[in-house]
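J.: So here's my_file.txt, just compact mmCIF, C-alpha atoms (C1' of nucleotides):
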```txt
# COMPACT_ATOMS: atom_id res chain seq x y z
CA MET A 1 14.24 -23.25 1.54
CA GLU A 2 12.12 -23.80 -1.58
CA LYS A 3 11.50 -27.37 -2.76
CA LYS A 4 13.83 -29.04 -5.23
CA ASN A 5 13.17 -28.86 -8.99
CA THR A 6 11.79 -25.40 -8.58
CA PRO A 7 12.78 -23.34 -11.63
CA PRO A 8 15.80 -21.13 -10.97
CA GLY A 9 13.89 -18.00 -11.95
CA LYS A 10 11.26 -18.62 -9.33
CA ILE A 11 13.87 -19.16 -6.65
CA LYS A 12 15.63 -15.96 -7.62
CA ILE A 13 12.36 -14.06 -7.40
CA ILE A 14 11.59 -15.38 -3.94
CA ASN A 15 15.08 -14.61 -2.73
CA ALA A 16 14.89 -11.13 -4.18
CA MET A 17 11.67 -10.44 -2.30
CA ARG A 18 13.28 -11.63 0.92
CA THR A 19 16.35 -9.53 0.34
CA LEU A 20 14.36 -6.41 -0.39
CA LEU A 21 12.17 -6.90 2.68
CA GLU A 22 15.30 -6.73 4.78
CA ASP A 23 15.32 -2.95 4.64
CA ARG A 24 12.12 -1.83 2.98
CA ASN A 25 8.47 -2.36 3.58
CA PHE A 26 6.25 -4.25 1.20
CA SER A 27 4.38 -1.37 -0.35
CA SER A 28 7.55 0.49 -1.20
CA ILE A 29 9.01 -2.47 -3.06
CA THR A 30 8.07 -2.42 -6.73
CA ILE A 31 7.75 -5.26 -9.18
CA SER A 32 10.53 -3.64 -11.11
CA ASP A 33 12.74 -3.67 -8.01
CA ILE A 34 12.07 -7.32 -7.50
CA ALA A 35 12.78 -8.18 -11.12
CA ALA A 36 15.99 -6.18 -11.12
CA THR A 37 17.21 -7.70 -7.87
CA ALA A 38 16.36 -11.18 -9.06
CA GLY A 39 17.89 -10.57 -12.46
CA VAL A 40 14.75 -11.62 -14.33
CA THR A 41 12.06 -9.76 -16.22
CA GLU A 42 8.89 -8.46 -14.64
CA GLY A 43 6.73 -10.78 -16.70
CA LEU A 44 8.28 -13.85 -15.16
CA ILE A 45 7.06 -12.86 -11.74
CA TYR A 46 3.50 -13.12 -13.00
CA LYS A 47 4.25 -16.53 -14.47
CA TYR A 48 4.72 -17.88 -10.98
CA PHE A 49 2.62 -15.61 -8.83
CA LYS A 50 -0.80 -14.11 -9.32
CA ASP A 51 0.33 -10.75 -8.03
CA LYS A 52 2.79 -9.01 -5.78
CA ARG A 53 0.86 -9.87 -2.68
CA GLN A 54 0.72 -13.55 -3.44
CA LEU A 55 4.48 -13.55 -3.74
CA LEU A 56 4.62 -12.07 -0.24
CA HIS A 57 2.32 -14.80 1.04
CA HIS A 58 4.48 -17.40 -0.58
CA VAL A 59 7.57 -16.11 1.18
CA LEU A 60 5.73 -16.27 4.48
CA LYS A 61 4.54 -19.77 3.71
CA GLU A 62 8.08 -20.98 3.16
CA TYR A 63 9.14 -19.62 6.53
CA TYR A 64 6.22 -21.29 8.20
CA GLU A 65 6.82 -24.63 6.53
CA TYR A 66 10.34 -24.51 7.84
CA PHE A 67 9.27 -23.55 11.34
CA LEU A 68 6.49 -26.10 11.61
CA LEU A 69 8.99 -28.76 10.75
CA GLY A 70 11.08 -27.71 13.73
CA ILE A 71 8.37 -27.38 16.32
CA ASP A 72 7.53 -31.07 16.61
CA GLN A 73 11.17 -31.82 17.09
CA ASP A 74 11.48 -29.03 19.63
CA LEU A 75 8.64 -30.37 21.72
CA LYS A 76 9.78 -33.97 21.58
CA GLY A 77 10.78 -35.16 24.99
CA VAL A 78 9.39 -32.14 26.79
CA SER A 79 6.81 -33.23 29.32
CA GLY A 80 4.17 -31.21 31.08
CA ALA A 81 2.07 -28.46 29.56
CA LEU A 82 3.91 -25.66 31.30
CA ASN A 83 7.27 -26.90 30.13
CA LYS A 84 5.94 -27.16 26.61
CA LEU A 85 4.60 -23.66 26.86
CA ARG A 86 7.96 -22.37 28.02
CA LYS A 87 9.53 -24.05 25.05
CA VAL A 88 7.04 -22.66 22.55
CA ILE A 89 7.47 -19.16 23.93
CA TRP A 90 11.23 -19.41 23.69
CA VAL A 91 11.12 -20.78 20.17
CA SER A 92 8.68 -18.13 19.00
CA ILE A 93 10.75 -15.28 20.33
CA ASP A 94 13.85 -16.83 18.86
CA ARG A 95 12.19 -16.84 15.44
CA TYR A 96 11.16 -13.24 15.56
CA ALA A 97 14.61 -12.29 16.78
CA THR A 98 16.64 -14.25 14.28
CA HIS A 99 14.39 -13.95 11.23
CA ARG A 100 13.57 -10.30 10.96
CA VAL A 101 12.03 -10.55 7.50
CA PHE A 102 9.69 -13.26 8.69
CA ALA A 103 8.72 -11.12 11.66
CA ARG A 104 8.12 -8.08 9.48
CA ILE A 105 5.87 -10.02 7.17
CA ILE A 106 3.65 -11.64 9.71
CA LEU A 107 3.49 -8.81 12.23
CA LEU A 108 3.21 -5.88 9.85
CA GLU A 109 2.57 -6.73 6.24
CA VAL A 110 -0.02 -9.41 5.68
CA ARG A 111 -2.85 -8.93 8.11
CA ASN A 112 -4.31 -5.96 6.32
CA SER A 113 -5.45 -7.88 3.28
CA GLU A 114 -8.42 -10.21 3.07
CA GLU A 115 -6.59 -12.57 0.71
CA TYR A 116 -4.06 -13.47 3.36
CA PHE A 117 -6.71 -15.22 5.39
CA HIS A 118 -7.45 -17.45 2.43
CA SER A 119 -3.81 -18.16 1.65
CA GLU A 120 -1.87 -21.34 2.25
CA ALA A 121 0.36 -19.37 4.57
CA TYR A 122 -2.56 -18.70 6.85
CA ASP A 123 -3.40 -22.41 6.89
CA LEU A 124 -0.02 -23.03 8.42
CA VAL A 125 -0.51 -20.25 10.93
CA ARG A 126 -3.74 -21.94 11.98
CA GLN A 127 -1.89 -25.21 12.41
CA PHE A 128 0.61 -23.54 14.68
CA ASN A 129 -2.14 -21.89 16.68
CA LYS A 130 -3.76 -25.25 17.19
CA ILE A 131 -0.58 -26.70 18.61
CA LEU A 132 -0.48 -23.97 21.20
CA LEU A 133 -4.17 -24.30 21.97
CA ASP A 134 -3.80 -28.03 22.51
CA ILE A 135 -0.99 -27.45 24.97
CA ILE A 136 -3.17 -25.04 26.91
CA LYS A 137 -6.03 -27.53 27.03
CA GLU A 138 -3.66 -30.27 28.10
CA GLY A 139 -2.48 -28.03 30.92
CA MET A 140 -6.02 -27.39 32.03
CA ALA A 141 -6.84 -31.08 32.00
CA SER A 142 -3.78 -31.88 34.08
CA GLY A 143 -4.43 -29.02 36.49
CA GLU A 144 -1.21 -27.17 35.70
CA ILE A 145 -3.20 -24.33 34.15
CA ARG A 146 -6.15 -22.78 35.94
CA GLY A 147 -9.52 -23.91 34.71
CA ASP A 148 -11.36 -20.62 35.03
CA ILE A 149 -9.99 -18.97 31.91
CA SER A 150 -10.88 -19.44 28.28
CA PRO A 151 -8.18 -21.31 26.33
CA SER A 152 -8.39 -18.90 23.41
CA PHE A 153 -7.88 -15.94 25.69
CA ALA A 154 -4.86 -17.65 27.14
CA ARG A 155 -3.58 -17.96 23.60
CA TYR A 156 -4.24 -14.29 22.94
CA ALA A 157 -2.22 -13.40 26.00
CA ILE A 158 0.70 -15.55 25.00
CA PHE A 159 0.96 -14.49 21.37
CA GLY A 160 0.03 -10.92 22.12
CA THR A 161 2.71 -10.54 24.74
CA ILE A 162 5.33 -12.16 22.57
CA GLU A 163 4.48 -9.99 19.60
CA HIS A 164 4.60 -6.74 21.50
CA ALA A 165 7.80 -7.74 23.18
CA CYS A 166 9.34 -8.23 19.74
CA LEU A 167 7.66 -5.39 17.88
CA ASN A 168 10.18 -2.70 18.73
CA ARG A 169 12.93 -4.89 17.51
CA VAL A 170 11.14 -5.57 14.27
CA ILE A 171 10.19 -1.97 13.66
CA PHE A 172 13.22 -0.09 14.88
CA ASN A 173 15.73 -2.86 14.42
CA GLU A 174 16.59 -2.81 18.10
CA LYS A 175 18.60 -5.58 19.62
CA VAL A 176 16.76 -7.96 21.93
CA SER A 177 18.12 -10.60 24.22
CA ILE A 178 16.23 -13.77 23.38
CA ASP A 179 16.76 -15.44 26.72
CA GLU A 180 15.84 -12.44 28.77
CA THR A 181 12.76 -11.70 26.69
CA ALA A 182 11.62 -15.29 26.89
CA GLU A 183 12.08 -15.31 30.63
CA GLN A 184 10.17 -12.08 31.18
CA VAL A 185 7.35 -13.13 28.88
CA THR A 186 7.05 -16.58 30.44
CA HIS A 187 7.06 -15.16 33.93
CA LEU A 188 4.37 -12.63 33.06
CA ILE A 189 2.14 -15.13 31.32
CA LEU A 190 2.39 -17.75 34.02
CA ASN A 191 2.16 -15.55 37.09
CA GLY A 192 0.56 -12.28 36.06
CA ILE A 193 1.61 -8.87 37.25
CA LYS A 194 -0.18 -8.71 40.58
CA SER A 195 1.78 -9.11 43.78
CA ARG A 196 0.93 -12.23 45.77
CA SER A 197 -0.42 -11.15 49.11
CA MET B 1 -14.29 15.58 15.11
CA GLU B 2 -12.07 17.96 13.15
CA LYS B 3 -11.40 21.46 14.52
CA LYS B 4 -13.65 24.38 13.63
CA ASN B 5 -12.81 26.65 10.66
CA THR B 6 -11.46 23.69 8.81
CA PRO B 7 -12.35 24.08 5.12
CA PRO B 8 -15.39 22.03 4.15
CA GLY B 9 -13.47 20.19 1.45
CA LYS B 10 -10.91 18.94 3.94
CA ILE B 11 -13.60 17.69 6.26
CA LYS B 12 -15.33 15.89 3.44
CA ILE B 13 -12.07 14.22 2.46
CA ILE B 14 -11.41 13.01 5.98
CA ASN B 15 -14.93 11.71 6.35
CA ALA B 16 -14.69 9.96 3.00
CA MET B 17 -11.52 8.17 4.08
CA ARG B 18 -13.22 7.04 7.28
CA THR B 19 -16.28 5.85 5.42
CA LEU B 20 -14.26 3.88 2.91
CA LEU B 21 -12.16 2.26 5.63
CA GLU B 22 -15.34 0.81 7.06
CA ASP B 23 -15.34 -2.01 4.54
CA ARG B 24 -12.10 -1.84 2.62
CA ASN B 25 -8.46 -1.88 3.50
CA PHE B 26 -6.19 1.07 2.94
CA SER B 27 -4.26 -0.16 -0.04
CA SER B 28 -7.40 -1.00 -1.99
CA ILE B 29 -8.82 2.48 -1.54
CA THR B 30 -7.78 4.78 -4.38
CA ILE B 31 -7.40 8.53 -4.43
CA SER B 32 -10.11 8.57 -7.02
CA ASP B 33 -12.42 6.63 -4.66
CA ILE B 34 -11.77 9.12 -1.92
CA ALA B 35 -12.36 12.09 -4.17
CA ALA B 36 -15.59 10.62 -5.54
CA THR B 37 -16.90 9.73 -2.08
CA ALA B 38 -16.02 13.15 -0.76
CA GLY B 39 -17.44 14.89 -3.79
CA VAL B 40 -14.24 16.82 -4.48
CA THR B 41 -11.49 16.56 -7.05
CA GLU B 42 -8.37 14.48 -6.61
CA GLY B 43 -6.17 17.53 -6.65
CA LEU B 44 -7.75 18.93 -3.53
CA ILE B 45 -6.64 15.97 -1.51
CA TYR B 46 -3.04 16.93 -2.25
CA LYS B 47 -3.74 20.48 -1.21
CA TYR B 48 -4.33 19.31 2.32
CA PHE B 49 -2.29 16.14 2.59
CA LYS B 50 1.15 15.25 1.33
CA ASP B 51 -0.03 11.86 0.14
CA LYS B 52 -2.56 9.14 0.72
CA ARG B 53 -0.72 7.77 3.69
CA GLN B 54 -0.55 11.09 5.47
CA LEU B 55 -4.30 11.34 5.14
CA LEU B 56 -4.55 7.98 6.88
CA HIS B 57 -2.29 9.21 9.66
CA HIS B 58 -4.41 12.27 10.04
CA VAL B 59 -7.55 10.21 10.49
CA LEU B 60 -5.81 8.18 13.17
CA LYS B 61 -4.61 11.33 14.85
CA GLU B 62 -8.13 12.67 15.14
CA TYR B 63 -9.29 9.48 16.81
CA TYR B 64 -6.42 9.64 19.25
CA GLU B 65 -7.00 13.28 20.10
CA TYR B 66 -10.54 12.40 20.94
CA PHE B 67 -9.56 9.38 23.03
CA LEU B 68 -6.81 11.12 24.93
CA LEU B 69 -9.31 13.75 25.93
CA GLY B 70 -11.46 11.05 27.48
CA ILE B 71 -8.83 9.08 29.32
CA ASP B 72 -8.01 11.71 31.94
CA GLN B 73 -11.68 12.02 32.69
CA ASP B 74 -12.04 8.24 32.84
CA LEU B 75 -9.27 7.89 35.38
CA LYS B 76 -10.43 10.76 37.56
CA GLY B 77 -11.55 9.47 40.91
CA VAL B 78 -10.16 5.99 40.39
CA SER B 79 -7.65 5.17 43.11
CA GLY B 80 -5.05 2.46 43.22
CA ALA B 81 -2.88 1.32 40.34
CA LEU B 82 -4.74 -1.93 39.81
CA ASN B 83 -8.09 -0.19 39.63
CA LYS B 84 -6.68 2.28 37.14
CA LEU B 85 -5.32 -0.59 35.11
CA ARG B 86 -8.69 -2.30 35.07
CA LYS B 87 -10.20 0.92 33.86
CA VAL B 88 -7.63 1.45 31.12
CA ILE B 89 -8.08 -2.11 29.91
CA TRP B 90 -11.83 -1.73 29.79
CA VAL B 91 -11.63 1.59 27.98
CA SER B 92 -9.13 0.28 25.45
CA ILE B 93 -11.24 -2.74 24.57
CA ASP B 94 -14.30 -0.57 24.37
CA ARG B 95 -12.55 1.62 21.81
CA TYR B 96 -11.51 -1.22 19.61
CA ALA B 97 -14.98 -2.70 19.84
CA THR B 98 -16.96 0.45 19.14
CA HIS B 99 -14.63 2.14 16.65
CA ARG B 100 -13.78 -0.47 14.13
CA VAL B 101 -12.17 1.92 11.68
CA PHE B 102 -9.87 3.20 14.39
CA ALA B 103 -8.97 -0.35 15.31
CA ARG B 104 -8.29 -1.30 11.70
CA ILE B 105 -6.00 1.65 11.23
CA ILE B 106 -3.86 1.23 14.27
CA LEU B 107 -3.74 -2.56 14.37
CA LEU B 108 -3.38 -3.28 10.69
CA GLU B 109 -2.66 -0.32 8.48
CA VAL B 110 -0.07 2.06 9.85
CA ARG B 111 2.70 0.11 11.46
CA ASN B 112 4.22 -1.04 8.21
CA SER B 113 5.45 2.38 7.16
CA GLU B 114 8.41 4.24 8.56
CA GLU B 115 6.62 7.59 8.24
CA TYR B 116 4.02 6.61 10.77
CA PHE B 117 6.61 6.61 13.51
CA HIS B 118 7.42 10.20 12.69
CA SER B 119 3.80 11.31 12.46
CA GLU B 120 1.83 13.39 14.92
CA ALA B 121 -0.47 10.43 15.37
CA TYR B 122 2.41 8.41 16.76
CA ASP B 123 3.23 11.21 19.19
CA LEU B 124 -0.21 10.75 20.69
CA VAL B 125 0.24 6.99 20.84
CA ARG B 126 3.42 7.57 22.80
CA GLN B 127 1.55 9.83 25.17
CA PHE B 128 -1.00 7.13 25.79
CA ASN B 129 1.71 4.54 26.34
CA LYS B 130 3.29 6.77 28.92
CA ILE B 131 0.05 7.00 30.88
CA LEU B 132 -0.09 3.23 31.11
CA LEU B 133 3.57 2.96 31.99
CA ASP B 134 3.15 5.47 34.80
CA ILE B 135 0.29 3.48 36.25
CA ILE B 136 2.44 0.36 36.23
CA LYS B 137 5.27 2.15 37.99
CA GLU B 138 2.87 3.60 40.51
CA GLY B 139 1.64 0.07 41.20
CA MET B 140 5.15 -1.18 41.73
CA ALA B 141 5.93 1.66 44.10
CA SER B 142 2.83 0.95 46.14
CA GLY B 143 3.43 -2.78 46.16
CA GLU B 144 0.26 -3.65 44.28
CA ILE B 145 2.30 -4.84 41.32
CA ARG B 146 5.20 -7.23 41.77
CA GLY B 147 8.61 -5.61 41.63
CA ASP B 148 10.46 -8.36 39.81
CA ILE B 149 9.19 -7.57 36.33
CA SER B 150 10.17 -4.88 33.87
CA PRO B 151 7.51 -2.17 33.52
CA SER B 152 7.81 -2.15 29.75
CA PHE B 153 7.26 -5.88 29.58
CA ALA B 154 4.18 -5.46 31.71
CA ARG B 155 2.99 -2.94 29.16
CA TYR B 156 3.71 -5.33 26.31
CA ALA B 157 1.62 -7.97 28.04
CA ILE B 158 -1.31 -5.63 28.58
CA PHE B 159 -1.46 -4.12 25.10
CA GLY B 160 -0.52 -7.35 23.41
CA THR B 161 -3.25 -9.29 25.10
CA ILE B 162 -5.85 -6.62 24.42
CA GLU B 163 -4.89 -6.39 20.78
CA HIS B 164 -5.02 -10.09 20.13
CA ALA B 165 -8.29 -10.38 21.99
CA CYS B 166 -9.74 -7.77 19.63
CA LEU B 167 -7.99 -8.76 16.43
CA ASN B 168 -10.50 -11.36 15.28
CA ARG B 169 -13.24 -8.87 15.69
CA VAL B 170 -11.39 -6.27 13.68
CA ILE B 171 -10.40 -8.65 10.91
CA PHE B 172 -13.45 -10.85 10.58
CA ASN B 173 -15.95 -8.40 11.94
CA GLU B 174 -16.91 -10.79 14.72
CA LYS B 175 -18.97 -9.61 17.62
CA VAL B 176 -17.20 -9.29 20.94
CA SER B 177 -18.64 -8.74 24.36
CA ILE B 178 -16.76 -5.81 25.80
CA ASP B 179 -17.41 -6.67 29.43
CA GLU B 180 -16.50 -10.31 29.08
CA THR B 181 -13.37 -9.56 27.08
CA ALA B 182 -12.27 -6.94 29.58
CA GLU B 183 -12.81 -9.34 32.45
CA GLN B 184 -10.88 -12.17 30.84
CA VAL B 185 -8.02 -9.93 29.84
CA THR B 186 -7.78 -8.30 33.24
CA HIS B 187 -7.88 -11.64 35.00
CA LEU B 188 -5.14 -13.03 32.78
CA ILE B 189 -2.91 -10.02 33.11
CA LEU B 190 -3.24 -9.76 36.86
CA ASN B 191 -3.06 -13.42 37.79
CA GLY B 192 -1.40 -15.28 34.95
CA ILE B 193 -2.44 -18.65 33.65
CA LYS B 194 -0.74 -20.93 36.12
CA SER B 195 -2.78 -22.67 38.78
CA ARG B 196 -2.00 -21.60 42.33
CA SER B 197 -0.75 -24.58 44.22
C1' DG C 1 -14.24 51.90 -5.73
C1' DT C 2 -10.46 49.35 -7.47
C1' DG C 3 -6.66 46.52 -7.44
C1' DT C 4 -4.00 42.81 -4.92
C1' DT C 5 -3.74 38.83 -2.53
C1' DC C 6 -4.91 34.46 -1.18
C1' DA C 7 -7.62 30.37 0.40
C1' DG C 8 -10.50 27.03 -1.66
C1' DG C 9 -11.18 24.62 -5.44
C1' DT C 10 -10.94 22.36 -10.38
C1' DA C 11 -9.37 19.81 -14.72
C1' DA C 12 -6.20 17.79 -17.06
C1' DA C 13 -1.36 16.26 -17.81
C1' DT C 14 2.24 13.32 -16.09
C1' DA C 15 4.81 9.74 -13.56
C1' DT C 16 4.92 5.60 -11.48
C1' DT C 17 3.80 1.06 -10.94
C1' DG C 18 1.21 -3.25 -11.55
C1' DT C 19 -0.45 -6.53 -14.91
C1' DT C 20 -1.18 -8.71 -19.51
C1' DT C 21 -0.01 -10.03 -24.02
C1' DA C 22 2.38 -12.05 -27.66
C1' DC C 23 6.25 -14.08 -28.60
C1' DC C 24 11.06 -16.66 -28.44
C1' DT C 25 14.05 -20.71 -27.24
C1' DG C 26 15.94 -24.97 -26.24
C1' DA C 27 15.17 -29.53 -24.10
C1' DT C 28 12.47 -33.81 -24.19
C1' DG C 29 10.04 -37.88 -25.41
C1' DG C 30 6.74 -40.27 -28.75
C1' DC D 1 12.40 -35.34 -36.24
C1' DC D 2 8.87 -32.78 -34.96
C1' DA D 3 5.27 -31.52 -31.44
C1' DT D 4 5.01 -29.89 -27.12
C1' DC D 5 5.92 -27.36 -23.31
C1' DA D 6 8.46 -25.21 -19.37
C1' DG D 7 11.23 -21.29 -18.74
C1' DG D 8 11.92 -17.00 -20.12
C1' DT D 9 11.69 -12.12 -22.54
C1' DA D 10 10.12 -7.42 -24.29
C1' DA D 11 6.98 -4.38 -24.89
C1' DA D 12 2.22 -2.79 -24.57
C1' DC D 13 -1.34 -1.64 -21.43
C1' DA D 14 -4.07 -0.34 -17.39
C1' DA D 15 -4.63 1.49 -13.07
C1' DT D 16 -3.25 4.83 -9.73
C1' DA D 17 -0.72 8.35 -7.42
C1' DT D 18 0.97 12.89 -7.90
C1' DT D 19 1.85 17.50 -10.11
C1' DT D 20 0.80 21.41 -12.71
C1' DA D 21 -1.50 25.33 -14.29
C1' DC D 22 -5.33 27.57 -13.77
C1' DC D 23 -10.08 29.59 -12.04
C1' DT D 24 -13.05 32.06 -8.60
C1' DG D 25 -14.78 34.89 -5.14
C1' DA D 26 -14.05 37.06 -0.62
C1' DA D 27 -11.21 40.07 2.21
C1' DC D 28 -8.40 43.79 2.61
C1' DA D 29 -5.30 47.95 1.70
C1' DC D 30 -5.12 52.14 -0.49
```
For this file, write the structure as structure tokens.

T.:
Amino acid sequence: MEKKNTPPGKIKIINAMRTLLEDRNFSSITISDIAATAGVTEGLIYKYFKDKRQLLHHVLKEYYEYFLLGIDQDLKGVSGALNKLRKVIWVSIDRYATHRVFARIILLEVRNSEEYFHSEAYDLVRQFNKILLDIIKEGMASGEIRGDISPSFARYAIFGTIEHACLNRVIFNEKVSIDETAEQVTHLILNGIKSRS
Amino acid sequence: MEKKNTPPGKIKIINAMRTLLEDRNFSSITISDIAATAGVTEGLIYKYFKDKRQLLHHVLKEYYEYFLLGIDQDLKGVSGALNKLRKVIWVSIDRYATHRVFARIILLEVRNSEEYFHSEAYDLVRQFNKILLDIIKEGMASGEIRGDISPSFARYAIFGTIEHACLNRVIFNEKVSIDETAEQVTHLILNGIKSRS
DNA sequence: GTGTTCAGGTAAATATTGTTTACCTGATGG
DNA sequence: CCATCAGGTAAACAATATTTACCTGAACAC
């Protein structure tokens, strides 16, 4: 996942962090754990990363780089804002479901520190948000999406619903059917919960 | 906010934690900060709380006790599931908006530790979730809410949307209009984003 | 009254963990 | 062939969380 000609030690450190995040939360993972798992010394970690937290951000950034690469491809050939939205929802849920470490990091571990919002990882998150926002605006322009709501609130609803629908899985390691979750979420977002009279 | 006949030192510790959380995140607050702010010694903190994290959970618990007290009162006299839902949404947003420390704790600081989900605070969260879930089921029984969605997914949508709508405020300390946010959220949740044809 | 207990509190030692420093080594290219 | 430098180490150091042993005065039993 990391670029070529990255020093082997750095790669091992990143992989160790990922491995450890599989069953423990960030604050309980120590530098010494990471070094031991990676098979390097503690000092080397600080050669490549400012501190423990920046290492976490770097791991998140790698996931996001990988995902952003995919999203353009995923949307290629899909026409209509609503269809794009369906696709984005499905893809997002799929990511949370199949990359638990990624989900842990972004849903639970990074948002509590100021530095995250100045990290490169957060730049990529912004990019992704913009993609979604543009789809919503496109839908409003074409009339597929109602014009009386604020695009950012629509985005809140979409991400918020997805996140909560995946949270139990992330936290308690519950199984989740991707297709069923995507369908429920899409249905809710598009149509709301009120009965049509 | 804390019960009577609580030792003064304990109260001071709890208040200190709350005060410090106003402008700093949990992990950057040290035991020594808390002790200094409270005007007690570090040792005393461990007399009343197992560790730093449990103190955090206790603060959250106090907020929730206070809020749960209010919610019954708030719903009294409101009839119809949808009206109750509107009320709950408004009240929830109001809480996040007017109690920033509370919002910080529950949205950003606790969910990353296993212990939280075994804490008394989480018991109260569950209680609150159940109230919402019961309203949803009531609405389905009465026909106000469509029957083809899963009640828990409806809950995900409601909480998820509220949380994301408040997150920027919590993180970046942005101002948010409670009434406008509540209206947008309610509208989205009830009607969805798709145009009616 | 006097002695016992115990809640509320302190000060300092200790353990754990994050971070920095000074240094070693072998490959590379001028 | 030697100067440089990336990759790496080991050990010191600093910051923090946690534990320990102890002090004090009020309440209570006798």

J.: Find the residues of chain C in contact range of chain A, meaning any atom within 12 Å when counting all atoms listed in the file, and list them as a list in words.

T.: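 Every residue of chain C that passes the 12 Å test is in DT16, DT17, DG18, DT19, DT20, DT21 and DA22 of chain C.
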
J.: When you look at DC23 in chain D with a cut-off of 12 Å (counting all atoms listed in the file), what residues show up, excluding the ones that are within fewer than 3 positions of it in the same chain? I need them as an NGL selection string.

T.: :C and (8-11)

J.: Please identify all polymer residues within 12 Å of Met17 in chain A, counting only C-alpha atoms (C1' of nucleotides), omitting same-chain residues fewer than 3 positions from it, and present them as a PyMOL selection string.

T.: chain A and resi 10-14+20-39+45+52-60+101-102+105

J.: Smallest atom-to-atom distance to chain A: which of B:Arg155, B:Arg146, B:Arg196, B:His118, using only C-alpha atoms?

T.: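 Using only C-alpha atoms, the shortest distance to chain A belongs to B:Arg146.
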
J.: Hey, which of B:Arg86, B:Lys47, B:Lys175, B:Arg18 ends up closest to chain D? Count only C-alpha atoms (C1' of nucleotides).

T.: B:Lys47

J.: Compare B:Asp134, B:Asp179, B:Glu115, B:Glu109 by their minimum atom-to-atom distance to chain A, counting only C-alpha atoms, and give me the closest one.

T.: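 Among B:Asp134, B:Asp179, B:Glu115, B:Glu109, it is B:Glu109 that comes nearest to chain A.
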
J.: Got a sec to pull out which chain B residues are within 6 Å of chain A, counting all atoms listed in the file, and send them as a VMD selection string?

T.: chain B and resid 108 112 144 to 146 156 to 157 160 to 161 164 to 165 189 to 195

J.: Identify, on the basis of only C-alpha atoms (C1' of nucleotides), every residue whose closest approach to DT25 in chain C does not exceed 12 Å; exclude the query and any residue fewer than 3 positions from it along the same chain; express the result as a ChimeraX atom specification.

T.: /D:5-9

J.: Write out as JSON lines a residue-level contact list of chain D versus chain B with cut-off 9 Å: for each qualifying residue the closest pair of atoms and the distance in Å to one decimal, counting all atoms listed in the file, rows sorted by chain and residue number upward.

T.:
```
{"residue": "D:DT16", "atom": "C1'", "partner": "B:Thr30", "partner_atom": "CA", "distance": 7.0}
{"residue": "D:DA17", "atom": "C1'", "partner": "B:Ile31", "partner_atom": "CA", "distance": 7.3}
{"residue": "D:DT18", "atom": "C1'", "partner": "B:Tyr46", "partner_atom": "CA", "distance": 8.0}
{"residue": "D:DT19", "atom": "C1'", "partner": "B:Gly43", "partner_atom": "CA", "distance": 8.7}
```

J.: Please put the answer as lines of an AutoDock Vina configuration file: centre and edge lengths, in Å with one decimal, of a box along x, y and z that encloses all listed atoms of range 180-185 of chain B plus 8 Å on each side.

T.:
```
center_x = -12.3
center_y = -9.6
center_z = 29.8
size_x = 24.5
size_y = 21.2
size_z = 21.4
```

J.: Report, in Å to a single decimal, how far apart C1' of DT4 in chain C and C1' of DA27 in chain D are.

T.: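 It comes out at 10.5 Å.
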